[in-house]
$ cat input26.cif   # mmCIF, C-alpha atoms
data_protein
#
loop_
_atom_site.label_atom_id
_atom_site.label_comp_id
_atom_site.auth_asym_id
_atom_site.auth_seq_id
_atom_site.Cartn_x
_atom_site.Cartn_y
_atom_site.Cartn_z
CA MET X 1 -3.99 -14.01 -3.20
CA ALA X 2 -1.53 -12.58 -5.70
CA GLU X 3 2.16 -12.29 -5.04
CA THR X 4 2.90 -9.02 -3.25
CA ALA X 5 5.31 -6.37 -4.44
CA ALA X 6 8.15 -4.82 -2.50
CA ALA X 7 8.09 -1.23 -1.33
CA PRO X 8 8.08 1.24 -4.22
CA THR X 9 11.54 2.30 -5.25
CA ALA X 10 12.53 5.95 -5.14
CA GLY X 11 10.64 7.70 -7.90
CA ALA X 12 9.02 11.08 -7.56
CA THR X 13 10.88 13.51 -5.35
CA ILE X 14 9.47 15.90 -2.80
CA GLY X 15 8.08 18.85 -4.73
CA ASP X 16 7.63 16.85 -7.94
CA SER X 17 4.93 14.28 -7.30
CA GLU X 18 1.19 13.85 -7.60
CA PHE X 19 0.85 14.48 -3.87
CA ASP X 20 2.68 17.80 -4.15
CA ARG X 21 0.70 18.89 -7.20
CA ASP X 22 -2.60 17.94 -5.59
CA THR X 23 -1.81 19.73 -2.31
CA ALA X 24 -0.46 22.87 -4.02
CA VAL X 25 -1.78 26.25 -2.90
CA THR X 26 -1.54 29.60 -4.68
CA LEU X 27 -1.34 32.89 -2.81
CA ARG X 28 -4.23 35.15 -3.78
CA GLU X 29 -3.60 37.87 -1.20
CA PRO X 30 -1.91 37.97 2.21
CA GLY X 31 -3.23 35.04 4.25
CA VAL X 32 -5.56 33.75 1.50
CA TYR X 33 -4.73 30.78 -0.74
CA ASP X 34 -6.50 29.13 -3.64
CA THR X 35 -6.36 25.38 -4.15
CA ASP X 36 -8.07 22.69 -6.18
CA LEU X 37 -9.10 19.57 -4.28
CA SER X 38 -8.33 16.57 -6.45
CA ALA X 39 -10.83 13.80 -7.08
CA GLY X 40 -7.87 11.42 -6.87
CA TRP X 41 -7.95 11.50 -3.06
CA THR X 42 -11.59 10.63 -2.50
CA ILE X 43 -13.23 7.87 -0.49
CA ILE X 44 -16.54 7.08 -2.17
CA ASN X 45 -17.46 10.69 -3.11
CA ALA X 46 -15.87 12.61 -0.22
CA VAL X 47 -12.33 13.98 -0.10
CA ASN X 48 -10.11 12.11 2.38
CA GLY X 49 -9.53 13.87 5.70
CA GLY X 50 -5.78 13.24 5.81
CA TYR X 51 -5.37 14.71 2.33
CA LEU X 52 -7.36 17.78 3.41
CA LEU X 53 -5.13 18.11 6.47
CA ALA X 54 -2.07 18.10 4.19
CA VAL X 55 -3.58 20.75 1.88
CA VAL X 56 -4.37 23.10 4.76
CA GLY X 57 -1.06 22.16 6.38
CA ARG X 58 0.78 23.33 3.27
CA ALA X 59 -1.04 26.68 3.31
CA LEU X 60 -0.09 27.20 6.96
CA ALA X 61 3.53 26.28 6.18
CA HIS X 62 3.54 29.18 3.71
CA ALA X 63 1.69 31.56 6.02
CA LEU X 64 3.64 30.97 9.26
CA PRO X 65 7.28 31.79 10.03
CA HIS X 66 8.02 28.11 10.73
CA ALA X 67 7.69 25.40 8.09
CA ASP X 68 7.10 22.14 9.99
CA PRO X 69 3.76 21.11 11.54
CA PHE X 70 4.12 20.04 15.18
CA THR X 71 0.46 19.78 16.11
CA VAL X 72 -2.52 20.21 13.81
CA SER X 73 -6.08 20.00 15.12
CA ALA X 74 -8.93 19.98 12.62
CA HIS X 75 -12.71 20.02 12.89
CA TYR X 76 -14.46 18.65 9.80
CA LEU X 77 -17.62 20.69 9.50
CA THR X 78 -19.04 19.44 6.20
CA ALA X 79 -17.86 16.92 3.61
CA SER X 80 -15.44 18.44 1.10
CA GLU X 81 -15.92 17.86 -2.61
CA PRO X 82 -13.38 17.75 -5.44
CA GLY X 83 -12.93 21.16 -7.01
CA PRO X 84 -11.85 24.71 -6.17
CA ALA X 85 -11.46 25.77 -2.55
CA VAL X 86 -10.16 28.78 -0.66
CA ILE X 87 -8.01 28.63 2.49
CA ARG X 88 -7.95 31.66 4.77
CA THR X 89 -5.14 31.71 7.31
CA GLU X 90 -4.35 33.85 10.32
CA THR X 91 -1.17 34.01 12.41
CA VAL X 92 -2.23 33.78 16.05
CA ARG X 93 1.24 33.84 17.62
CA ASP X 94 4.74 34.24 16.23
CA GLY X 95 7.20 32.81 18.78
CA ARG X 96 10.88 31.98 18.62
CA GLY X 97 10.46 28.20 18.65
CA LEU X 98 6.82 27.80 17.73
CA SER X 99 4.33 29.79 15.72
CA THR X 100 0.59 29.19 15.90
CA GLY X 101 -1.97 29.81 13.22
CA GLN X 102 -5.51 28.99 12.27
CA ALA X 103 -7.03 28.26 8.90
CA SER X 104 -10.44 27.77 7.37
CA LEU X 105 -11.09 25.89 4.12
CA VAL X 106 -14.24 26.95 2.26
CA GLN X 107 -15.98 25.96 -0.94
CA TYR X 108 -18.86 27.51 -2.84
CA GLU X 109 -22.23 26.10 -3.78
CA PRO X 110 -23.48 26.61 -7.38
CA ASP X 111 -25.54 29.60 -6.20
CA GLY X 112 -22.44 31.24 -4.71
CA THR X 113 -23.15 30.37 -1.08
CA GLU X 114 -19.94 29.93 0.89
CA VAL X 115 -19.67 26.71 2.93
CA GLU X 116 -16.91 26.17 5.48
CA ARG X 117 -15.61 22.63 5.21
CA LEU X 118 -12.74 22.52 7.67
CA ARG X 119 -11.32 24.64 10.49
CA VAL X 120 -7.79 24.10 11.77
CA LEU X 121 -5.66 25.35 14.67
CA ALA X 122 -1.98 24.42 14.40
CA SER X 123 1.47 25.07 15.84
CA TYR X 124 4.55 24.94 13.62
CA GLY X 125 8.26 24.81 14.39
CA ASP X 126 11.57 23.44 13.10
CA LEU X 127 11.84 19.64 13.41
CA ASP X 128 15.55 19.75 12.65
CA ALA X 129 16.16 21.92 15.72
CA LEU X 130 14.72 19.37 18.18
CA PRO X 131 17.10 17.62 20.61
CA ASP X 132 17.98 13.96 20.02
CA ASP X 133 16.97 12.80 23.53
CA VAL X 134 14.23 10.14 23.39
CA ARG X 135 12.64 8.54 26.46
CA THR X 136 9.72 6.35 25.56
CA THR X 137 7.92 3.13 26.35
CA ALA X 138 6.35 3.03 22.88
CA VAL X 139 7.41 0.19 20.59
CA PRO X 140 6.95 -0.19 16.82
CA PRO X 141 4.00 -2.32 15.67
CA ALA X 142 4.79 -5.98 15.06
CA LEU X 143 4.06 -6.13 11.34
CA PRO X 144 4.81 -9.17 9.18
CA PRO X 145 7.34 -8.63 6.37
CA VAL X 146 5.97 -6.73 3.38
CA GLU X 147 5.85 -9.88 1.28
CA HIS X 148 3.43 -11.42 3.78
CA CYS X 149 1.05 -8.44 3.78
CA PHE X 150 -1.62 -7.54 1.25
CA GLY X 151 -2.90 -4.44 -0.52
CA PRO X 152 -5.82 -3.48 -2.75
CA ASP X 153 -4.03 -4.87 -5.81
CA ASP X 154 -3.72 -8.29 -4.15
CA ALA X 155 -7.45 -9.04 -4.05
CA PRO X 156 -8.37 -12.43 -5.54
CA ASP X 157 -9.74 -12.62 -9.08
CA ASP X 158 -8.82 -8.96 -9.71
CA ARG X 159 -11.73 -7.82 -7.55
CA PRO X 160 -11.12 -4.61 -5.54
CA LEU X 161 -11.22 -4.81 -1.78
CA PRO X 162 -14.51 -3.64 -0.24
CA GLY X 163 -14.43 0.10 0.32
CA SER X 164 -11.74 0.70 -2.30
CA SER X 165 -11.85 4.16 -3.86
CA ALA X 166 -9.73 6.60 -5.85
CA ILE X 167 -7.27 7.26 -3.05
CA VAL X 168 -5.96 3.68 -3.03
CA GLU X 169 -4.42 4.22 -6.47
CA ARG X 170 -2.19 6.92 -5.00
CA LEU X 171 -1.07 4.95 -1.97
CA TRP X 172 1.21 1.99 -1.47
CA LEU X 173 -0.54 0.00 1.27
CA LYS X 174 0.26 -3.49 2.51
CA LEU X 175 -2.09 -4.52 5.29
CA ASP X 176 -1.28 -6.90 8.12
CA PRO X 177 -3.33 -10.08 7.42
CA ALA X 178 -4.35 -10.12 11.09
CA THR X 179 -6.34 -6.91 10.44
CA LEU X 180 -7.66 -7.91 7.01
CA GLY X 181 -10.52 -10.23 7.99
CA TRP X 182 -13.10 -7.63 6.98
CA ALA X 183 -12.02 -7.88 3.34
CA LEU X 184 -12.80 -11.61 3.39
CA GLY X 185 -16.13 -11.24 5.18
CA GLN X 186 -14.60 -12.42 8.47
CA PRO X 187 -13.87 -9.34 10.62
CA SER X 188 -11.99 -10.12 13.82
CA GLY X 189 -14.18 -7.88 15.97
CA LYS X 190 -11.07 -6.02 17.15
CA GLY X 191 -10.64 -2.32 16.48
CA GLU X 192 -7.21 -2.65 14.91
CA MET X 193 -5.65 -1.78 11.56
CA ARG X 194 -1.96 -2.05 10.69
CA ALA X 195 -0.11 -1.55 7.43
CA TRP X 196 3.08 -0.67 5.63
CA PHE X 197 2.52 2.73 4.04
CA GLY X 198 3.99 4.90 1.31
CA LEU X 199 3.01 6.94 -1.72
CA ALA X 200 2.52 4.88 -4.89
CA ASP X 201 4.88 7.02 -7.00
CA GLY X 202 7.76 6.49 -4.58
CA ARG X 203 7.83 10.04 -3.22
CA PRO X 204 9.57 9.93 0.19
CA ALA X 205 7.57 10.83 3.26
CA ASP X 206 7.92 14.27 4.82
CA PRO X 207 5.95 16.03 7.59
CA LEU X 208 3.07 16.90 5.24
CA ALA X 209 2.84 13.28 4.08
CA LEU X 210 2.62 12.24 7.73
CA LEU X 211 -0.58 14.30 8.01
CA LEU X 212 -1.97 12.11 5.24
CA ALA X 213 -0.63 8.87 6.74
CA VAL X 214 -2.52 9.18 10.02
CA ASP X 215 -5.85 9.03 8.16
CA ALA X 216 -5.14 6.89 5.10
CA LEU X 217 -5.77 3.31 6.23
CA PRO X 218 -9.15 1.58 6.07
CA PRO X 219 -11.25 2.46 9.15
CA THR X 220 -10.92 0.26 12.22
CA ALA X 221 -14.73 0.03 12.07
CA PHE X 222 -14.35 -2.40 9.16
CA GLU X 223 -12.58 -4.91 11.40
CA MET X 224 -15.34 -4.38 14.00
CA GLY X 225 -17.90 -5.70 11.52
CA LEU X 226 -19.20 -2.31 10.34
CA SER X 227 -19.17 -1.04 6.79
CA GLY X 228 -19.66 2.20 4.90
CA TRP X 229 -18.18 5.65 5.18
CA VAL X 230 -16.73 6.61 8.58
CA PRO X 231 -16.53 10.44 8.45
CA THR X 232 -14.07 12.22 10.72
CA VAL X 233 -15.52 14.75 13.16
CA GLU X 234 -12.24 15.93 14.70
CA LEU X 235 -8.62 14.94 14.14
CA THR X 236 -5.49 16.02 16.01
CA ALA X 237 -2.10 15.00 14.63
CA HIS X 238 1.30 15.37 16.30
CA VAL X 239 4.39 15.29 14.09
CA ARG X 240 7.36 14.19 16.21
CA ALA X 241 10.24 13.90 13.73
CA ARG X 242 11.17 14.11 10.09
CA PRO X 243 10.88 10.51 8.81
CA ALA X 244 13.89 8.55 7.61
CA PRO X 245 13.82 7.25 4.02
CA GLY X 246 11.89 4.05 3.47
CA PRO X 247 8.38 2.73 4.08
CA LEU X 248 6.37 3.77 7.09
CA ARG X 249 4.45 1.51 9.47
CA VAL X 250 1.05 2.69 10.62
CA ALA X 251 -0.94 1.18 13.48
CA ILE X 252 -4.45 2.33 14.40
CA THR X 253 -6.55 1.16 17.33
CA THR X 254 -10.06 1.80 18.62
CA ARG X 255 -11.00 0.90 22.18
CA ASN X 256 -14.43 2.44 22.46
CA LEU X 257 -17.44 2.69 20.16
CA ALA X 258 -20.46 4.27 21.82
CA GLY X 259 -23.41 6.33 20.67
CA GLY X 260 -22.42 5.99 17.03
CA PHE X 261 -18.94 7.48 17.54
CA LEU X 262 -15.52 5.88 17.89
CA GLU X 263 -11.98 7.10 18.45
CA GLU X 264 -9.01 6.08 16.33
CA ASP X 265 -5.52 6.36 17.82
CA ALA X 266 -2.79 6.20 15.19
CA GLU X 267 0.98 5.79 15.40
CA VAL X 268 3.35 6.20 12.46
CA TRP X 269 6.84 4.68 12.64
CA ASP X 270 9.68 5.18 10.18
CA SER X 271 12.34 2.79 8.89
CA ALA X 272 14.67 3.83 11.74
CA ASP X 273 12.12 2.61 14.34
CA ARG X 274 11.23 6.15 15.38
CA LEU X 275 7.72 7.24 16.29
CA VAL X 276 7.38 10.11 13.81
CA ALA X 277 3.67 10.93 14.11
CA GLN X 278 0.67 10.27 16.32
CA SER X 279 -2.98 11.18 16.07
CA ARG X 280 -6.37 10.77 17.65
CA GLN X 281 -9.62 11.31 15.84
CA LEU X 282 -13.30 11.10 16.65
CA ALA X 283 -15.36 9.58 13.84
CA ARG X 284 -19.00 8.78 13.24
CA VAL X 285 -20.08 5.27 12.30
CA ARG X 286 -23.19 3.91 10.72
CA LEU X 287 -24.74 1.32 13.07
CA ARG X 288 -27.09 -1.35 11.79
#

$ encode --input "input26.cif" --output "structure tokens"
Amino acid sequence: MAETAAAPTAGATIGDSEFDRDTAVTLREPGVYDTDLSAGWTIINAVNGGYLLAVVGRALAHALPHADPFTVSAHYLTASEPGPAVIRTETVRDGRGLSTGQASLVQYEPDGTEVERLRVLASYGDLDALPDDVRTTAVPPALPPVEHCFGPDDAPDDRPLPGSSAIVERLWLKLDPATLGWALGQPSGKGEMRAWFGLADGRPADPLALLLAVDALPPTAFEMGLSGWVPTVELTAHVRARPAPGPLRVAITTRNLAGGFLEEDAEVWDSADRLVAQSRQLARVRLR
């Protein structure tokens, strides 16, 4: 495989990057926002679920009194497509430390029929106001150094990794070789995926980028010997802290696949060895 590159150096800043432009929302009227879902964040032909979570998360950050997502729970009702969308938000509770809101992302068919794509319930607060006390048994994933990991641009003979799509051009991903057997036709059979993670343009991670990170790696189903699209049914993300500068480490595990559905449990760790985000999702798999 080709020689790997180091983590992207600081480039785009928060507010001035492709991620920010592609998750931008415009207020139409109180509680209603227009957005344009970019084709740059698609997997095959469907818009990535983590990107959608960040788009709706940005609308809720504008709509609610607090700016930082603490917990965001989304039900993916139908596959979203690149193009215009409308996000309708509602403040459910406005508390001193937490505010709770809900949001619905809709798109329109050519005949004008409205189709709801995503429904979200979320609580927001102020991450900077949280106490420093940490009591945990969680430990960061044991990832090899970046130079010993591999990304889509490291495929032999300039061939893209199986399952590559538009979103990989916007991400800096270096996968743990122990979870990369699927790309070589030799899946381990374990439901594990681990990688170094960042945005390709060097934009530093923030809470909205963490909503993307929990759903940006290849599906664990690949390493279980399954292929094809693995659509998310429901995803709940917890943002625990504002990440320190530097690359993130993401570890995802699946312990149970039954009835054509699996769970993916994700942890995101920052360069200061802090657990900054967690998630669990239920996804559908195509069984052969």

$ resolve_selection --input "input26.cif" --expression "the PyMOL selection byres ((chain X and resi 269-271) around 10)" --output "MDAnalysis selection string"
chainID X and resid 139:141 196:197 205 210 241:251 267:268 272:278

$ resolve_selection --input "input26.cif" --expression "the PyMOL selection byres ((chain X and resi 84) around 9)" --output "PyMOL selection string"
chain X and resi 34-38+81-83+85-86+107-108

$ closest_residue --input "input26.cif" --among "X:Gly198, X:His238, X:Val230, X:Leu262" --to "X:Ala12" --atoms "only C-alpha atoms"
X:Gly198

$ atom_distance --input "input26.cif" --atom1 "atom CA of X:Pro131" --atom2 "atom CA of X:Ala54"
25.2 Å

$ atom_distance --input "input26.cif" --atom1 "atom CA of X:Phe150" --atom2 "atom CA of X:Gly202"
17.9 Å

$ residues_around --input "input26.cif" --residues "X:Glu234" --least-positions-apart "3" --cutoff "8 Å" --atoms "all atoms listed in the file" --output "ChimeraX atom specification"
/X:73-76,281-283

$ resolve_selection --input "input26.cif" --expression "the PyMOL selection byres ((chain X and resi 93) around 12)" --output "list in words"
Ala63, Leu64, Pro65, His66, Glu90, Thr91, Val92, Asp94, Gly95, Arg96, Gly97, Leu98, Ser99, Thr100, Gly101, Gln102, Leu121, Ala122, Ser123, Tyr124 and Gly125 of chain X

$ closest_atom_pairs --input "input26.cif" --of "stretch 22-134 of chain X" --to "stretch 213-216 of chain X" --cutoff "10 Å" --atoms "only C-alpha atoms" --output "tab-separated table"
residue	atom	partner	partner_atom	distance
X:Trp41	CA	X:Ala216	CA	9.8
X:Ile43	CA	X:Ala216	CA	9.9
X:Asn48	CA	X:Ala216	CA	7.7
X:Gly49	CA	X:Asp215	CA	6.6
X:Gly50	CA	X:Asp215	CA	4.8
X:Tyr51	CA	X:Asp215	CA	8.2
X:Leu53	CA	X:Asp215	CA	9.3
X:Ala54	CA	X:Ala213	CA	9.7

$ atom_distance --input "input26.cif" --atom1 "atom CA of X:Val120" --atom2 "atom CA of X:Pro30"
17.8 Å

$ closest_residue --input "input26.cif" --among "X:Arg280, X:Arg286, X:Arg240, X:Arg117" --to "X:Ala129" --atoms "only C-alpha atoms"
X:Arg240

$ residues_around --input "input26.cif" --residues "X:Pro177" --least-positions-apart "5" --cutoff "9 Å" --atoms "all atoms listed in the file" --output "PyMOL selection string"
chain X and resi 144+148-150+194

$ closest_residue --input "input26.cif" --among "X:Thr232, X:Thr26, X:Ser165, X:Ser279" --to "X:Leu60" --atoms "all atoms listed in the file"
X:Thr26

$ residues_near_point --input "input26.cif" --point "(7.5, 12.8, -2.1)" --cutoff "9 Å" --atoms "all atoms listed in the file" --output "PyMOL selection string"
chain X and resi 11-20+199+201-206+209

$ residues_near_point --input "input26.cif" --point "(-6.6, 22.8, 6.4)" --cutoff "7 Å" --atoms "all atoms listed in the file" --output "PyMOL selection string"
chain X and resi 52-57+103-105+118-120

$ residues_around --input "input26.cif" --residues "X:Arg58" --least-positions-apart "6" --cutoff "8 Å" --atoms "all atoms listed in the file" --output "list in words"
Thr23, Ala24, Val25 and Leu208 of chain X

$ closest_residue --input "input26.cif" --among "X:Ala237, X:Gln186, X:Glu169, X:Ala221" --to "X:Gly260" --atoms "only C-alpha atoms"
X:Ala221

$ build_atoms --input "input26.cif" --residues "stretch 211-243 of chain X" --atoms "N, CA and C atoms" --output "PDB file, keeping the file's coordinate frame"
ATOM      1  N   LEU X 211       0.802  13.869   7.745  1.00  0.00           N
ATOM      2  CA  LEU X 211      -0.580  14.300   8.010  1.00  0.00           C
ATOM      3  C   LEU X 211      -1.556  13.458   7.203  1.00  0.00           C
ATOM      4  N   LEU X 212      -1.149  13.018   6.031  1.00  0.00           N
ATOM      5  CA  LEU X 212      -1.970  12.110   5.240  1.00  0.00           C
ATOM      6  C   LEU X 212      -1.957  10.717   5.850  1.00  0.00           C
ATOM      7  N   ALA X 213      -0.791  10.252   6.276  1.00  0.00           N
ATOM      8  CA  ALA X 213      -0.630   8.870   6.740  1.00  0.00           C
ATOM      9  C   ALA X 213      -1.517   8.530   7.929  1.00  0.00           C
ATOM     10  N   VAL X 214      -1.747   9.484   8.817  1.00  0.00           N
ATOM     11  CA  VAL X 214      -2.520   9.180  10.020  1.00  0.00           C
ATOM     12  C   VAL X 214      -3.993   8.907   9.713  1.00  0.00           C
ATOM     13  N   ASP X 215      -4.437   9.220   8.479  1.00  0.00           N
ATOM     14  CA  ASP X 215      -5.850   9.030   8.160  1.00  0.00           C
ATOM     15  C   ASP X 215      -6.023   8.363   6.793  1.00  0.00           C
ATOM     16  N   ALA X 216      -5.113   7.470   6.439  1.00  0.00           N
ATOM     17  CA  ALA X 216      -5.140   6.890   5.100  1.00  0.00           C
ATOM     18  C   ALA X 216      -5.478   5.408   5.065  1.00  0.00           C
ATOM     19  N   LEU X 217      -5.457   4.728   6.204  1.00  0.00           N
ATOM     20  CA  LEU X 217      -5.770   3.310   6.230  1.00  0.00           C
ATOM     21  C   LEU X 217      -7.281   3.085   6.245  1.00  0.00           C
ATOM     22  N   PRO X 218      -7.732   1.881   5.899  1.00  0.00           N
ATOM     23  CA  PRO X 218      -9.150   1.580   6.070  1.00  0.00           C
ATOM     24  C   PRO X 218      -9.572   1.804   7.519  1.00  0.00           C
ATOM     25  N   PRO X 219     -10.807   2.202   7.773  1.00  0.00           N
ATOM     26  CA  PRO X 219     -11.250   2.460   9.150  1.00  0.00           C
ATOM     27  C   PRO X 219     -11.201   1.205  10.013  1.00  0.00           C
ATOM     28  N   THR X 220     -10.870   1.374  11.275  1.00  0.00           N
ATOM     29  CA  THR X 220     -10.920   0.260  12.220  1.00  0.00           C
ATOM     30  C   THR X 220     -12.327  -0.308  12.326  1.00  0.00           C
ATOM     31  N   ALA X 221     -13.337   0.503  12.009  1.00  0.00           N
ATOM     32  CA  ALA X 221     -14.730   0.030  12.070  1.00  0.00           C
ATOM     33  C   ALA X 221     -14.947  -1.170  11.173  1.00  0.00           C
ATOM     34  N   PHE X 222     -14.193  -1.264  10.065  1.00  0.00           N
ATOM     35  CA  PHE X 222     -14.350  -2.400   9.160  1.00  0.00           C
ATOM     36  C   PHE X 222     -14.048  -3.710   9.893  1.00  0.00           C
ATOM     37  N   GLU X 223     -12.973  -3.695  10.687  1.00  0.00           N
ATOM     38  CA  GLU X 223     -12.580  -4.910  11.400  1.00  0.00           C
ATOM     39  C   GLU X 223     -13.474  -5.162  12.611  1.00  0.00           C
ATOM     40  N   MET X 224     -14.352  -4.207  12.930  1.00  0.00           N
ATOM     41  CA  MET X 224     -15.340  -4.380  14.000  1.00  0.00           C
ATOM     42  C   MET X 224     -16.688  -4.844  13.430  1.00  0.00           C
ATOM     43  N   GLY X 225     -16.700  -5.168  12.142  1.00  0.00           N
ATOM     44  CA  GLY X 225     -17.900  -5.700  11.520  1.00  0.00           C
ATOM     45  C   GLY X 225     -18.837  -4.652  10.977  1.00  0.00           C
ATOM     46  N   LEU X 226     -18.383  -3.396  10.874  1.00  0.00           N
ATOM     47  CA  LEU X 226     -19.200  -2.310  10.340  1.00  0.00           C
ATOM     48  C   LEU X 226     -18.692  -1.942   8.956  1.00  0.00           C
ATOM     49  N   SER X 227     -19.566  -1.405   8.140  1.00  0.00           N
ATOM     50  CA  SER X 227     -19.170  -1.040   6.790  1.00  0.00           C
ATOM     51  C   SER X 227     -19.670   0.355   6.458  1.00  0.00           C
ATOM     52  N   GLY X 228     -19.224   0.874   5.325  1.00  0.00           N
ATOM     53  CA  GLY X 228     -19.660   2.200   4.900  1.00  0.00           C
ATOM     54  C   GLY X 228     -18.685   3.280   5.317  1.00  0.00           C
ATOM     55  N   TRP X 229     -19.017   4.487   4.915  1.00  0.00           N
ATOM     56  CA  TRP X 229     -18.180   5.650   5.180  1.00  0.00           C
ATOM     57  C   TRP X 229     -18.132   5.939   6.672  1.00  0.00           C
ATOM     58  N   VAL X 230     -16.930   6.280   7.170  1.00  0.00           N
ATOM     59  CA  VAL X 230     -16.730   6.610   8.580  1.00  0.00           C
ATOM     60  C   VAL X 230     -16.164   8.032   8.617  1.00  0.00           C
ATOM     61  N   PRO X 231     -17.020   9.062   8.552  1.00  0.00           N
ATOM     62  CA  PRO X 231     -16.530  10.440   8.450  1.00  0.00           C
ATOM     63  C   PRO X 231     -15.872  10.927   9.736  1.00  0.00           C
ATOM     64  N   THR X 232     -14.778  11.638   9.581  1.00  0.00           N
ATOM     65  CA  THR X 232     -14.070  12.220  10.720  1.00  0.00           C
ATOM     66  C   THR X 232     -14.801  13.460  11.210  1.00  0.00           C
ATOM     67  N   VAL X 233     -14.937  13.565  12.526  1.00  0.00           N
ATOM     68  CA  VAL X 233     -15.520  14.750  13.160  1.00  0.00           C
ATOM     69  C   VAL X 233     -14.396  15.698  13.588  1.00  0.00           C
ATOM     70  N   GLU X 234     -13.386  15.135  14.255  1.00  0.00           N
ATOM     71  CA  GLU X 234     -12.240  15.930  14.700  1.00  0.00           C
ATOM     72  C   GLU X 234     -10.999  15.066  14.644  1.00  0.00           C
ATOM     73  N   LEU X 235      -9.880  15.666  14.250  1.00  0.00           N
ATOM     74  CA  LEU X 235      -8.620  14.940  14.140  1.00  0.00           C
ATOM     75  C   LEU X 235      -7.485  15.836  14.620  1.00  0.00           C
ATOM     76  N   THR X 236      -6.693  15.322  15.553  1.00  0.00           N
ATOM     77  CA  THR X 236      -5.490  16.020  16.010  1.00  0.00           C
ATOM     78  C   THR X 236      -4.283  15.155  15.714  1.00  0.00           C
ATOM     79  N   ALA X 237      -3.329  15.714  14.994  1.00  0.00           N
ATOM     80  CA  ALA X 237      -2.100  15.000  14.630  1.00  0.00           C
ATOM     81  C   ALA X 237      -0.903  15.685  15.262  1.00  0.00           C
ATOM     82  N   HIS X 238       0.030  14.877  15.770  1.00  0.00           N
ATOM     83  CA  HIS X 238       1.300  15.370  16.300  1.00  0.00           C
ATOM     84  C   HIS X 238       2.421  14.829  15.432  1.00  0.00           C
ATOM     85  N   VAL X 239       3.214  15.693  14.859  1.00  0.00           N
ATOM     86  CA  VAL X 239       4.390  15.290  14.090  1.00  0.00           C
ATOM     87  C   VAL X 239       5.593  15.381  15.019  1.00  0.00           C
ATOM     88  N   ARG X 240       6.300  14.257  15.207  1.00  0.00           N
ATOM     89  CA  ARG X 240       7.360  14.190  16.210  1.00  0.00           C
ATOM     90  C   ARG X 240       8.764  14.274  15.621  1.00  0.00           C
ATOM     91  N   ALA X 241       8.907  13.884  14.354  1.00  0.00           N
ATOM     92  CA  ALA X 241      10.240  13.900  13.730  1.00  0.00           C
ATOM     93  C   ALA X 241      10.089  13.823  12.224  1.00  0.00           C
ATOM     94  N   ARG X 242      11.140  14.255  11.540  1.00  0.00           N
ATOM     95  CA  ARG X 242      11.170  14.110  10.090  1.00  0.00           C
ATOM     96  C   ARG X 242      11.505  12.650   9.771  1.00  0.00           C
ATOM     97  N   PRO X 243      10.666  11.957   8.992  1.00  0.00           N
ATOM     98  CA  PRO X 243      10.880  10.510   8.810  1.00  0.00           C
ATOM     99  C   PRO X 243      12.120  10.186   7.994  1.00  0.00           C
TER     100      PRO X 243
END
